[in-house]
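Below is upload.csv, holding CSV, C-alpha atoms.
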```
chain,number,residue,atom,x,y,z
A,1,MET,CA,15.6,-65.3,-0.2
A,2,ARG,CA,18.7,-67.3,-0.5
A,3,ILE,CA,19.9,-68.0,-4.1
A,4,ASP,CA,21.6,-71.2,-5.4
A,5,ARG,CA,22.6,-70.6,-9.0
A,6,HIS,CA,24.3,-72.9,-11.6
A,7,ASP,CA,25.3,-71.4,-14.9
A,8,ALA,CA,26.9,-74.6,-16.3
A,9,ALA,CA,24.4,-77.0,-17.9
A,10,CYS,CA,23.2,-79.6,-15.4
A,11,ALA,CA,21.7,-83.1,-15.7
A,12,ALA,CA,18.0,-82.7,-14.9
A,13,GLY,CA,17.7,-86.1,-13.1
A,14,GLU,CA,20.4,-85.1,-10.6
A,15,GLN,CA,18.9,-81.7,-10.1
A,16,LEU,CA,15.4,-83.1,-9.5
A,17,ARG,CA,16.8,-85.5,-6.9
A,18,ILE,CA,18.5,-82.7,-5.1
A,19,GLU,CA,15.3,-80.7,-5.2
A,20,GLN,CA,13.3,-83.6,-3.9
A,21,GLU,CA,15.7,-83.8,-0.9
A,22,ILE,CA,15.3,-80.0,-0.3
A,23,PHE,CA,11.5,-80.4,-0.4
A,24,ASP,CA,11.5,-83.4,2.0
A,25,ALA,CA,13.7,-81.4,4.4
A,26,LEU,CA,11.5,-78.3,4.4
A,27,PRO,CA,11.5,-75.9,6.2
A,28,GLY,CA,15.3,-76.7,6.3
A,29,SER,CA,17.2,-73.9,4.7
A,30,ALA,CA,14.2,-72.3,3.0
A,31,PRO,CA,13.2,-69.9,1.7
A,32,LEU,CA,15.5,-70.8,-1.2
A,33,LEU,CA,15.6,-70.2,-5.0
A,34,ARG,CA,17.5,-72.5,-7.2
A,35,LEU,CA,18.3,-71.4,-10.7
A,36,TRP,CA,20.0,-73.9,-13.2
A,37,GLN,CA,20.5,-74.4,-16.9
A,38,PRO,CA,19.4,-77.9,-18.1
A,39,LEU,CA,21.0,-80.5,-20.4
A,40,PRO,CA,18.3,-81.9,-22.8
A,41,ALA,CA,15.8,-84.0,-20.9
A,42,LEU,CA,12.1,-84.9,-21.2
A,43,ILE,CA,10.4,-84.5,-17.8
A,44,VAL,CA,7.2,-86.4,-17.6
A,45,THR,CA,4.6,-86.8,-14.9
A,46,LEU,CA,4.0,-89.9,-12.9
A,47,ALA,CA,0.7,-90.4,-14.6
A,48,GLU,CA,2.4,-90.3,-18.0
A,49,ALA,CA,5.1,-92.7,-16.8
A,50,ASN,CA,2.3,-95.2,-15.8
A,51,GLN,CA,1.0,-95.3,-19.4
A,52,PRO,CA,1.3,-98.7,-21.2
A,53,ASN,CA,3.5,-97.4,-24.0
A,54,PHE,CA,5.8,-95.4,-21.7
A,55,ALA,CA,8.8,-97.7,-22.0
A,56,VAL,CA,8.7,-97.5,-25.8
A,57,ALA,CA,8.2,-93.7,-25.9
A,58,ALA,CA,11.0,-93.2,-23.4
A,59,ALA,CA,13.4,-95.4,-25.4
A,60,ARG,CA,12.7,-93.5,-28.6
A,61,ALA,CA,13.3,-90.2,-26.8
A,62,ALA,CA,16.6,-91.6,-25.5
A,63,ASP,CA,17.5,-92.6,-29.1
A,64,ARG,CA,17.1,-89.0,-30.1
A,65,GLY,CA,19.5,-88.0,-27.3
A,66,VAL,CA,16.9,-86.8,-24.8
A,67,ALA,CA,17.0,-88.4,-21.3
A,68,VAL,CA,13.6,-89.1,-19.7
A,69,GLU,CA,13.0,-88.3,-16.0
A,70,VAL,CA,9.8,-88.5,-13.9
A,71,ARG,CA,8.6,-85.6,-11.7
A,72,ARG,CA,5.9,-85.6,-9.2
A,73,SER,CA,4.4,-82.1,-9.7
A,74,GLY,CA,1.3,-81.7,-11.8
A,75,GLY,CA,0.7,-80.9,-15.4
A,76,GLY,CA,2.2,-82.7,-18.4
A,77,ALA,CA,5.5,-83.4,-20.1
A,78,VAL,CA,8.1,-80.7,-20.5
A,79,CYS,CA,11.3,-80.9,-22.5
A,80,LEU,CA,14.3,-79.1,-21.1
A,81,GLY,CA,17.4,-78.2,-23.0
A,82,TYR,CA,20.0,-75.6,-23.9
A,83,GLY,CA,19.0,-71.9,-23.7
A,84,MET,CA,16.7,-72.3,-20.8
A,85,TRP,CA,16.6,-71.6,-17.1
A,86,VAL,CA,14.8,-73.9,-14.6
A,87,ILE,CA,13.7,-71.9,-11.6
A,88,SER,CA,12.7,-73.6,-8.4
A,89,CYS,CA,11.4,-71.9,-5.2
A,90,PHE,CA,11.1,-73.6,-1.8
A,91,TYR,CA,9.4,-72.2,1.2
A,92,THR,CA,6.8,-72.9,3.9
A,93,SER,CA,3.7,-70.8,4.6
A,94,VAL,CA,0.5,-70.7,6.5
A,95,GLN,CA,-1.1,-69.4,3.3
A,96,HIS,CA,-2.4,-72.6,1.7
A,97,ASP,CA,-4.0,-71.3,-1.5
A,98,ILE,CA,-2.2,-72.7,-4.6
A,99,ASP,CA,-3.2,-69.7,-6.7
A,100,TRP,CA,-1.5,-67.4,-4.1
A,101,SER,CA,1.8,-69.3,-4.6
A,102,TYR,CA,1.5,-69.2,-8.4
A,103,ARG,CA,0.7,-65.5,-8.3
A,104,GLN,CA,3.7,-64.6,-6.1
A,105,PHE,CA,6.0,-66.7,-8.3
A,106,ALA,CA,4.6,-65.4,-11.6
A,107,ASP,CA,4.7,-61.8,-10.5
A,108,ALA,CA,8.3,-62.1,-9.5
A,109,LEU,CA,9.3,-63.7,-12.8
A,110,ILE,CA,7.3,-61.2,-14.8
A,111,GLY,CA,9.0,-58.4,-12.9
A,112,ALA,CA,12.4,-59.9,-13.5
A,113,ILE,CA,11.9,-60.4,-17.2
A,114,ALA,CA,10.7,-56.8,-17.5
A,115,ARG,CA,14.2,-55.7,-16.4
A,116,VAL,CA,15.6,-57.2,-19.6
A,117,GLY,CA,13.0,-55.3,-21.6
A,118,ILE,CA,10.3,-57.9,-22.3
A,119,THR,CA,6.7,-57.6,-21.0
A,120,LEU,CA,5.1,-61.0,-20.3
A,121,THR,CA,1.6,-61.8,-19.3
A,122,ASP,CA,0.2,-64.7,-17.3
A,123,GLU,CA,-2.4,-66.6,-19.2
A,124,ARG,CA,-3.2,-70.2,-20.2
A,125,VAL,CA,-1.7,-71.0,-23.7
A,126,ALA,CA,-4.1,-73.7,-24.7
A,127,GLY,CA,-2.4,-76.3,-26.9
A,128,ALA,CA,1.1,-75.6,-25.8
A,129,TYR,CA,3.1,-78.2,-23.8
A,130,CYS,CA,1.9,-78.6,-20.2
A,131,ASP,CA,-0.5,-75.7,-20.5
A,132,GLY,CA,-1.9,-74.1,-17.3
A,133,LYS,CA,-3.5,-71.1,-15.8
A,134,PHE,CA,-0.2,-69.5,-15.0
A,135,ASP,CA,1.7,-69.9,-18.2
A,136,LEU,CA,3.8,-66.9,-19.0
A,137,ALA,CA,3.2,-65.7,-22.5
A,138,TRP,CA,4.2,-63.1,-25.1
A,139,ARG,CA,1.6,-62.2,-27.7
A,140,GLY,CA,-0.3,-65.5,-26.9
A,141,LEU,CA,2.8,-67.7,-27.2
A,142,LYS,CA,4.1,-69.7,-24.3
A,143,VAL,CA,7.5,-68.7,-22.9
A,144,SER,CA,7.3,-70.3,-19.5
A,145,GLY,CA,5.2,-72.7,-17.5
A,146,MET,CA,5.0,-73.6,-13.9
A,147,ALA,CA,3.9,-76.3,-11.6
A,148,GLN,CA,3.9,-77.0,-7.8
A,149,ARG,CA,4.4,-79.7,-5.3
A,150,ARG,CA,2.9,-79.1,-1.9
A,151,ARG,CA,2.8,-80.9,1.4
A,152,TRP,CA,0.2,-80.0,4.0
A,153,ARG,CA,1.3,-80.8,7.5
A,154,ASP,CA,0.2,-79.5,10.9
A,155,GLY,CA,-1.5,-76.5,9.5
A,156,GLU,CA,1.5,-75.4,7.4
A,157,SER,CA,2.1,-75.8,3.6
A,158,HIS,CA,5.5,-76.9,2.4
A,159,ILE,CA,5.8,-75.5,-1.1
A,160,TRP,CA,8.0,-76.2,-4.1
A,161,VAL,CA,7.0,-74.1,-7.1
A,162,HIS,CA,9.0,-74.4,-10.3
A,163,ALA,CA,9.1,-73.1,-13.8
A,164,VAL,CA,11.1,-73.5,-17.0
A,165,LEU,CA,11.9,-70.3,-19.0
A,166,ALA,CA,12.8,-70.4,-22.7
A,167,VAL,CA,15.4,-67.7,-23.3
A,168,GLU,CA,17.6,-68.4,-26.3
A,169,GLN,CA,16.6,-69.6,-29.8
A,170,GLU,CA,18.1,-73.0,-29.3
A,171,SER,CA,15.5,-73.7,-26.6
A,172,LEU,CA,12.9,-73.8,-29.4
A,173,ARG,CA,14.3,-77.2,-30.5
A,174,TYR,CA,12.7,-78.9,-27.5
A,175,PRO,CA,8.9,-78.4,-27.5
A,176,SER,CA,8.6,-80.7,-30.5
A,177,GLU,CA,10.0,-83.5,-28.3
A,178,VAL,CA,6.9,-83.3,-26.2
A,179,ALA,CA,4.7,-83.8,-29.2
A,180,ARG,CA,6.8,-86.8,-30.4
A,181,PHE,CA,6.6,-88.3,-26.9
A,182,TYR,CA,2.8,-88.0,-26.9
A,183,ALA,CA,2.6,-89.6,-30.4
A,184,ASP,CA,4.8,-92.5,-29.3
A,185,LEU,CA,2.8,-92.8,-26.1
A,186,GLY,CA,-0.5,-93.0,-28.1
A,187,SER,CA,-1.8,-90.0,-26.2
A,188,SER,CA,-4.4,-87.6,-27.6
A,189,ARG,CA,-2.9,-84.7,-25.5
A,190,ILE,CA,-1.9,-81.7,-27.7
A,191,ALA,CA,1.5,-80.0,-27.4
A,192,ASP,CA,1.9,-77.9,-30.5
A,193,PRO,CA,5.4,-76.4,-30.8
A,194,ALA,CA,3.9,-73.5,-32.8
A,195,ASN,CA,2.3,-72.2,-29.6
A,196,THR,CA,5.7,-71.5,-28.0
A,197,THR,CA,8.4,-68.9,-28.3
A,198,CYS,CA,11.5,-67.7,-26.5
A,199,LEU,CA,12.6,-64.4,-25.0
A,200,TRP,CA,15.1,-63.8,-27.7
A,201,ASP,CA,12.3,-63.8,-30.3
A,202,CYS,CA,10.2,-61.5,-28.2
A,203,MET,CA,12.8,-58.7,-28.5
A,204,PRO,CA,13.0,-56.2,-31.2
A,205,ASN,CA,16.0,-56.8,-33.6
A,206,ASP,CA,17.9,-53.7,-32.5
A,207,ALA,CA,17.6,-54.7,-28.8
A,208,ARG,CA,19.1,-58.2,-29.3
A,209,GLU,CA,22.5,-58.6,-27.7
A,210,PRO,CA,24.5,-61.7,-26.8
A,211,GLY,CA,24.4,-62.8,-23.2
A,212,LEU,CA,20.6,-62.8,-22.8
A,213,LEU,CA,20.6,-66.0,-20.8
A,214,ARG,CA,23.1,-64.7,-18.3
A,215,ARG,CA,21.2,-61.3,-18.1
A,216,CYS,CA,18.0,-63.1,-17.4
A,217,GLY,CA,19.6,-65.2,-14.7
A,218,ASP,CA,20.9,-62.0,-13.1
A,219,ALA,CA,17.5,-60.4,-13.3
A,220,ILE,CA,15.7,-63.4,-11.8
A,221,ALA,CA,18.3,-63.8,-9.0
A,222,THR,CA,18.0,-60.1,-8.1
A,223,ALA,CA,14.2,-60.2,-8.2
A,224,PHE,CA,13.9,-63.1,-5.8
A,225,GLU,CA,16.7,-62.0,-3.6
A,226,THR,CA,15.0,-58.8,-2.8
A,227,GLY,CA,11.4,-59.0,-4.0
A,228,LEU,CA,9.6,-62.2,-2.9
A,229,ASP,CA,8.3,-62.4,0.6
A,230,PRO,CA,6.7,-65.8,1.1
B,1,MET,CA,-12.4,-91.4,14.5
B,2,THR,CA,-10.6,-88.6,12.6
B,3,ASP,CA,-11.5,-87.4,9.1
B,4,ILE,CA,-9.0,-86.9,6.4
B,5,ARG,CA,-10.4,-83.7,4.8
B,6,ILE,CA,-9.2,-81.6,1.9
B,7,PRO,CA,-8.5,-78.2,3.5
B,8,ASN,CA,-11.0,-75.6,2.5
B,9,ASP,CA,-8.3,-73.0,1.8
B,10,LEU,CA,-6.2,-75.1,-0.6
B,11,TRP,CA,-7.7,-73.3,-3.5
B,12,ASP,CA,-10.0,-70.4,-3.8
B,13,ASP,CA,-12.8,-71.4,-6.2
B,14,ASP,CA,-14.9,-74.3,-7.3
B,15,ARG,CA,-12.3,-76.1,-9.4
B,16,GLU,CA,-12.2,-79.9,-8.9
B,17,GLY,CA,-9.2,-81.9,-7.9
B,18,VAL,CA,-8.4,-85.5,-8.5
B,19,ILE,CA,-7.0,-88.1,-6.2
B,20,VAL,CA,-3.6,-89.2,-7.7
B,21,SER,CA,-2.8,-92.0,-5.3
B,22,TRP,CA,-3.1,-93.3,-1.8
B,23,ILE,CA,0.2,-94.2,-0.3
B,24,TYR,CA,-1.4,-96.8,1.9
B,25,LYS,CA,-4.0,-99.4,1.2
B,26,ASP,CA,-7.5,-99.3,2.6
B,27,GLY,CA,-7.3,-100.9,6.1
B,28,ALA,CA,-3.6,-100.2,6.6
B,29,VAL,CA,-2.4,-98.8,9.9
B,30,VAL,CA,-0.9,-95.3,9.4
B,31,GLU,CA,1.1,-93.1,11.6
B,32,SER,CA,0.2,-89.5,12.4
B,33,GLY,CA,2.2,-87.0,10.2
B,34,LYS,CA,3.0,-89.5,7.5
B,35,VAL,CA,1.9,-88.6,3.9
B,36,VAL,CA,-1.1,-90.7,3.1
B,37,VAL,CA,-2.6,-89.3,-0.1
B,38,GLU,CA,-1.6,-87.2,-3.1
B,39,LEU,CA,-4.1,-85.1,-5.0
B,40,MET,CA,-3.8,-82.7,-7.9
B,41,VAL,CA,-5.5,-79.5,-9.0
B,42,GLU,CA,-4.2,-76.9,-11.5
B,43,LYS,CA,-0.8,-78.5,-12.0
B,44,ALA,CA,-0.2,-78.6,-8.3
B,45,GLN,CA,0.3,-82.0,-6.8
B,46,MET,CA,-0.4,-81.9,-3.0
B,47,GLU,CA,0.3,-84.4,-0.3
B,48,LEU,CA,-1.9,-84.7,2.8
B,49,SER,CA,-0.5,-86.2,6.0
B,50,ALA,CA,-2.4,-88.4,8.4
B,51,PRO,CA,-4.0,-86.2,11.1
B,52,ALA,CA,-3.9,-89.1,13.6
B,53,SER,CA,-2.5,-92.6,13.9
B,54,GLY,CA,-4.8,-95.6,13.3
B,55,ARG,CA,-6.5,-97.7,10.7
B,56,LEU,CA,-7.1,-96.0,7.4
B,57,THR,CA,-10.5,-96.1,5.6
B,58,ILE,CA,-10.4,-94.7,2.0
B,59,LEU,CA,-13.6,-92.9,1.0
B,60,ALA,CA,-12.5,-91.5,-2.3
B,61,ALA,CA,-10.4,-93.9,-4.4
B,62,ALA,CA,-7.5,-93.0,-6.8
B,63,ASP,CA,-8.8,-91.0,-9.9
B,64,ALA,CA,-11.9,-89.8,-8.0
B,65,ILE,CA,-12.9,-86.2,-8.6
B,66,VAL,CA,-12.9,-84.3,-5.3
B,67,ASN,CA,-13.7,-80.8,-4.0
B,68,ARG,CA,-12.1,-78.7,-1.3
B,69,GLY,CA,-13.5,-79.4,2.1
B,70,GLN,CA,-14.4,-83.0,1.1
B,71,VAL,CA,-13.8,-85.9,3.5
B,72,ILE,CA,-11.8,-88.4,1.5
B,73,GLY,CA,-10.8,-90.8,4.2
B,74,ARG,CA,-11.0,-91.7,7.9
B,75,ILE,CA,-8.6,-92.9,10.5
B,76,GLU,CA,-10.0,-95.0,13.4
```
Can you present the structure in this file as structure tokens?
Amino acid sequence: MRIDRHDAACAAGEQLRIEQEIFDALPGSAPLLRLWQPLPALIVTLAEANQPNFAVAAARAADRGVAVEVRRSGGGAVCLGYGMWVISCFYTSVQHDIDWSYRQFADALIGAIARVGITLTDERVAGAYCDGKFDLAWRGLKVSGMAQRRRWRDGESHIWVHAVLAVEQESLRYPSEVARFYADLGSSRIADPANTTCLWDCMPNDAREPGLLRRCGDAIATAFETGLDP
Amino acid sequence: MTDIRIPNDLWDDDREGVIVSWIYKDGAVVESGKVVVELMVEKAQMELSAPASGRLTILAAADAIVNRGQVIGRIE
């Protein structure tokens, strides 16, 4: 799988527009893995953006220095920021099962993170932001979540599966933005920051070394370059 | 007449999906291969394309709960 990696922090809106173009052009240059570090941004779903209080909630987030962008994959709001990786995988397949795509992606990520010494599990972390069946967790706390966009055309599925991975401690500043957004939106949806953690906090004290974000990026790139066969 | 059907193999159990939106209005003329409807299941948003060209009849409106294999529209 081809890898497109960006280690400098990127504006999420611009990256989402690039990825939409890649999805629209599938099969194009797929299979492709994109790996980028985000600037702070609250990524909400189209359904959330259609809520009556959205403009007010988005303006308040902007006042706190968090840009708001809309995505068209499923789930709920996610807040990106420093200390994270966004991982996006594009390919086409005659295998149409959404769980198959999640499983492939989750297994590759779990394998990659194992290379830096952390064992994650896939399980729904109820009450975390954007919770879903294929959350990646450590001791019941969410470290990563994933979602998909798919297009079914002429018997073939065009697939864009993506995830956000919380690596460094500064990433833990952002889940509370989702809870604030829901409060401003007047939504009853729960996104409790206490249900999340980051890879740094999963490591034993004597194993913590600077450069974890880069090492995770290296491990993910290697895992997908050699290990995923869509 | 051609059915717009949710493929049976989109997911592997009895979970329900939801129609997110129809791209065209009921009665619109659509072109084969164009995306006509978006649906969602398990954080996966899926687009289905028109299987034929013709006039669209919507059988399951936006926000309707749907199952795999279900006919959600027709093109005549």
Compile the contact shell of B:Pro7 as a short mmCIF file (atom, residue, chain, number, x, y, z; two decimals) with C-alpha atoms, keeping the file's coordinate frame: residues with an atom at most 8 Å away, counting all atoms listed in the file, same-chain residues fewer than 4 positions apart removed.
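As a result, out26.cif now contains:
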```
data_model
loop_
_atom_site.label_atom_id
_atom_site.label_comp_id
_atom_site.auth_asym_id
_atom_site.auth_seq_id
_atom_site.Cartn_x
_atom_site.Cartn_y
_atom_site.Cartn_z
CA ARG B 68 -12.10 -78.70 -1.30
CA GLY B 69 -13.50 -79.40 2.10
CA GLN B 70 -14.40 -83.00 1.10
#
```
For chain A against chain B, with a cut-off of 8 Å and counting all atoms listed in the file, what is the closest atom pair and its distance in Å to one decimal for every residue that makes the cut, ordered by chain and number, as a tab-separated table?
```
residue	atom	partner	partner_atom	distance
A:Arg72	CA	B:Gln45	CA	7.1
A:Ser73	CA	B:Gln45	CA	5.0
A:Gly74	CA	B:Lys43	CA	3.8
A:Gly75	CA	B:Lys43	CA	4.4
A:His96	CA	B:Leu10	CA	5.1
A:Asp97	CA	B:Leu10	CA	4.5
A:Ile98	CA	B:Trp11	CA	5.6
A:Asp99	CA	B:Trp11	CA	6.6
A:Gly132	CA	B:Glu42	CA	6.8
A:Lys133	CA	B:Glu42	CA	7.3
A:Met146	CA	B:Lys43	CA	7.8
A:Ala147	CA	B:Lys43	CA	5.2
A:Gln148	CA	B:Ala44	CA	4.4
A:Arg149	CA	B:Gln45	CA	4.9
A:Arg150	CA	B:Met46	CA	4.5
A:Arg151	CA	B:Glu47	CA	4.6
A:Trp152	CA	B:Leu48	CA	5.3
A:Arg153	CA	B:Ser49	CA	5.9
A:Asp154	CA	B:Gly33	CA	7.8
```
For stretch 50-63 of chain A, list every protein, DNA or RNA residue within 12 Å, evaluated using all atoms listed in the file, and leave out those in the same chain fewer than 6 positions away; present the list as number ranges by chain. A: 40-44, 69-70, 77, 79, 174, 176-187; B: 20
Quick one: residues within 9 Å of A:Gly81, only C-alpha atoms, excluding same-chain residues fewer than 4 positions away - as a list of chain:residue names?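 The filter keeps A:Ala9, A:Gln37, A:Pro38, A:Leu39, A:Pro40, A:Ala41, A:Leu42, A:Val66, A:Trp85, A:Glu170, A:Ser171, A:Leu172, A:Arg173, A:Tyr174.
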For atom CA of A:Arg139 and atom CA of A:Thr121, quote the distance in Å rounded to one decimal.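 Interatomic distance, atom CA of A:Arg139 to atom CA of A:Thr121: 8.4 Å.
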Interatomic distance, atom CA of A:Asp122 to atom CA of A:Thr92 (Å, one decimal):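 Atom CA of A:Asp122 sits 23.7 Å away from atom CA of A:Thr92.
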Taking all atoms listed in the file into account, name the residue in A:Ala191, A:Cys202, A:Val161, A:Ile3 that is nearest to A:Gly140. A:Cys202
Looking at only C-alpha atoms, which of A:Glu14, A:Asp4, A:Glu168, A:Glu225 is the one that sits closest to A:Leu213? A:Glu168
What's the separation between atom CA of A:Phe224 and atom CA of A:Arg5, in Å to one decimal place?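 So the two atoms, atom CA of A:Phe224 and atom CA of A:Arg5, lie 11.9 Å apart.
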Can you pull out the residues contacting B:Asp3? Cut-off 8 Å, using all atoms listed in the file, and skip same-chain residues under 3 positions away; I want them as number ranges by chain. B: 51, 71-75
Could you write out as AutoDock Vina command-line options the box around stretch 190-196 of chain A (axis-aligned, all atoms listed in the file, 4 Å on each side), with centre and edge lengths in Å to one decimal?
```
--center_x 1.9 --center_y -76.6 --center_z -30.1 --size_x 15.6 --size_y 18.2 --size_z 13.4
```
Can you pull out the residues contacting stretch 104-116 of chain A? Cut-off 10 Å, using all atoms listed in the file, and skip same-chain residues under 5 positions away; I want them as a PyMOL selection string. chain A and resi 87-89+99+121-122+134-137+144-146+161-163+165+199+203+207+212+215-224+227-230
Let me make sure I understand: among B:Met1, B:Asp14, B:Glu31, B:Val37, which one has the smallest atom-to-atom distance to B:Ala62 if we use only C-alpha atoms?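 For B:Ala62, the nearest of the given residues is B:Val37.
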Once you count only C-alpha atoms, which residues end up no further than 12 Å from (-9.3, -101.2, 3.3) in the file's frame, shown as a PyMOL selection string? chain B and resi 22+24-30+55-61+73-76
Generate the coordinates of all heavy atoms for stretch 55-63 of chain B; report them as a CSV table (one decimal), keeping the file's coordinate frame.
```
chain,number,residue,atom,x,y,z
B,55,ARG,N,-6.2,-97.0,11.9
B,55,ARG,CA,-6.5,-97.7,10.7
B,55,ARG,C,-7.2,-96.8,9.7
B,55,ARG,O,-8.1,-96.2,10.0
B,55,ARG,CB,-7.4,-98.9,11.1
B,55,ARG,CG,-7.5,-100.0,10.0
B,55,ARG,CD,-8.2,-101.2,10.5
B,55,ARG,NE,-7.4,-101.9,11.5
B,55,ARG,CZ,-6.3,-102.7,11.4
B,55,ARG,NH1,-5.9,-102.9,10.1
B,55,ARG,NH2,-5.7,-103.2,12.4
B,56,LEU,N,-6.7,-96.9,8.4
B,56,LEU,CA,-7.1,-96.0,7.4
B,56,LEU,C,-8.3,-96.6,6.6
B,56,LEU,O,-8.3,-97.8,6.3
B,56,LEU,CB,-6.0,-95.8,6.4
B,56,LEU,CG,-6.3,-95.1,5.1
B,56,LEU,CD1,-6.6,-93.6,5.3
B,56,LEU,CD2,-5.2,-95.2,4.1
B,57,THR,N,-9.4,-95.8,6.5
B,57,THR,CA,-10.5,-96.1,5.6
B,57,THR,C,-10.5,-95.1,4.4
B,57,THR,O,-10.6,-93.9,4.7
B,57,THR,CB,-11.8,-96.1,6.3
B,57,THR,OG1,-11.8,-97.0,7.4
B,57,THR,CG2,-13.0,-96.4,5.4
B,58,ILE,N,-10.4,-95.6,3.2
B,58,ILE,CA,-10.4,-94.7,2.0
B,58,ILE,C,-11.8,-94.5,1.5
B,58,ILE,O,-12.6,-95.5,1.3
B,58,ILE,CB,-9.5,-95.4,0.9
B,58,ILE,CG1,-8.1,-95.4,1.3
B,58,ILE,CG2,-9.7,-94.6,-0.4
B,58,ILE,CD1,-7.1,-96.1,0.4
B,59,LEU,N,-12.2,-93.3,1.4
B,59,LEU,CA,-13.6,-92.9,1.0
B,59,LEU,C,-13.6,-92.5,-0.4
B,59,LEU,O,-14.7,-92.5,-1.1
B,59,LEU,CB,-14.2,-91.9,1.9
B,59,LEU,CG,-14.3,-92.2,3.4
B,59,LEU,CD1,-14.9,-91.1,4.2
B,59,LEU,CD2,-15.2,-93.5,3.6
B,60,ALA,N,-12.5,-92.0,-0.9
B,60,ALA,CA,-12.5,-91.5,-2.3
B,60,ALA,C,-11.2,-92.1,-3.0
B,60,ALA,O,-10.1,-91.8,-2.6
B,60,ALA,CB,-12.3,-90.0,-2.4
B,61,ALA,N,-11.5,-93.1,-3.9
B,61,ALA,CA,-10.4,-93.9,-4.4
B,61,ALA,C,-9.5,-93.1,-5.4
B,61,ALA,O,-9.9,-91.9,-5.8
B,61,ALA,CB,-10.9,-95.1,-5.1
B,62,ALA,N,-8.4,-93.6,-5.8
B,62,ALA,CA,-7.5,-93.0,-6.8
B,62,ALA,C,-8.3,-92.7,-8.1
B,62,ALA,O,-9.2,-93.5,-8.5
B,62,ALA,CB,-6.4,-93.9,-7.1
B,63,ASP,N,-8.1,-91.5,-8.7
B,63,ASP,CA,-8.8,-91.0,-9.9
B,63,ASP,C,-10.1,-90.4,-9.6
B,63,ASP,O,-10.8,-89.9,-10.5
B,63,ASP,CB,-8.9,-92.1,-11.0
B,63,ASP,CG,-7.6,-92.6,-11.5
B,63,ASP,OD1,-6.6,-91.8,-11.5
B,63,ASP,OD2,-7.5,-93.7,-11.9
```
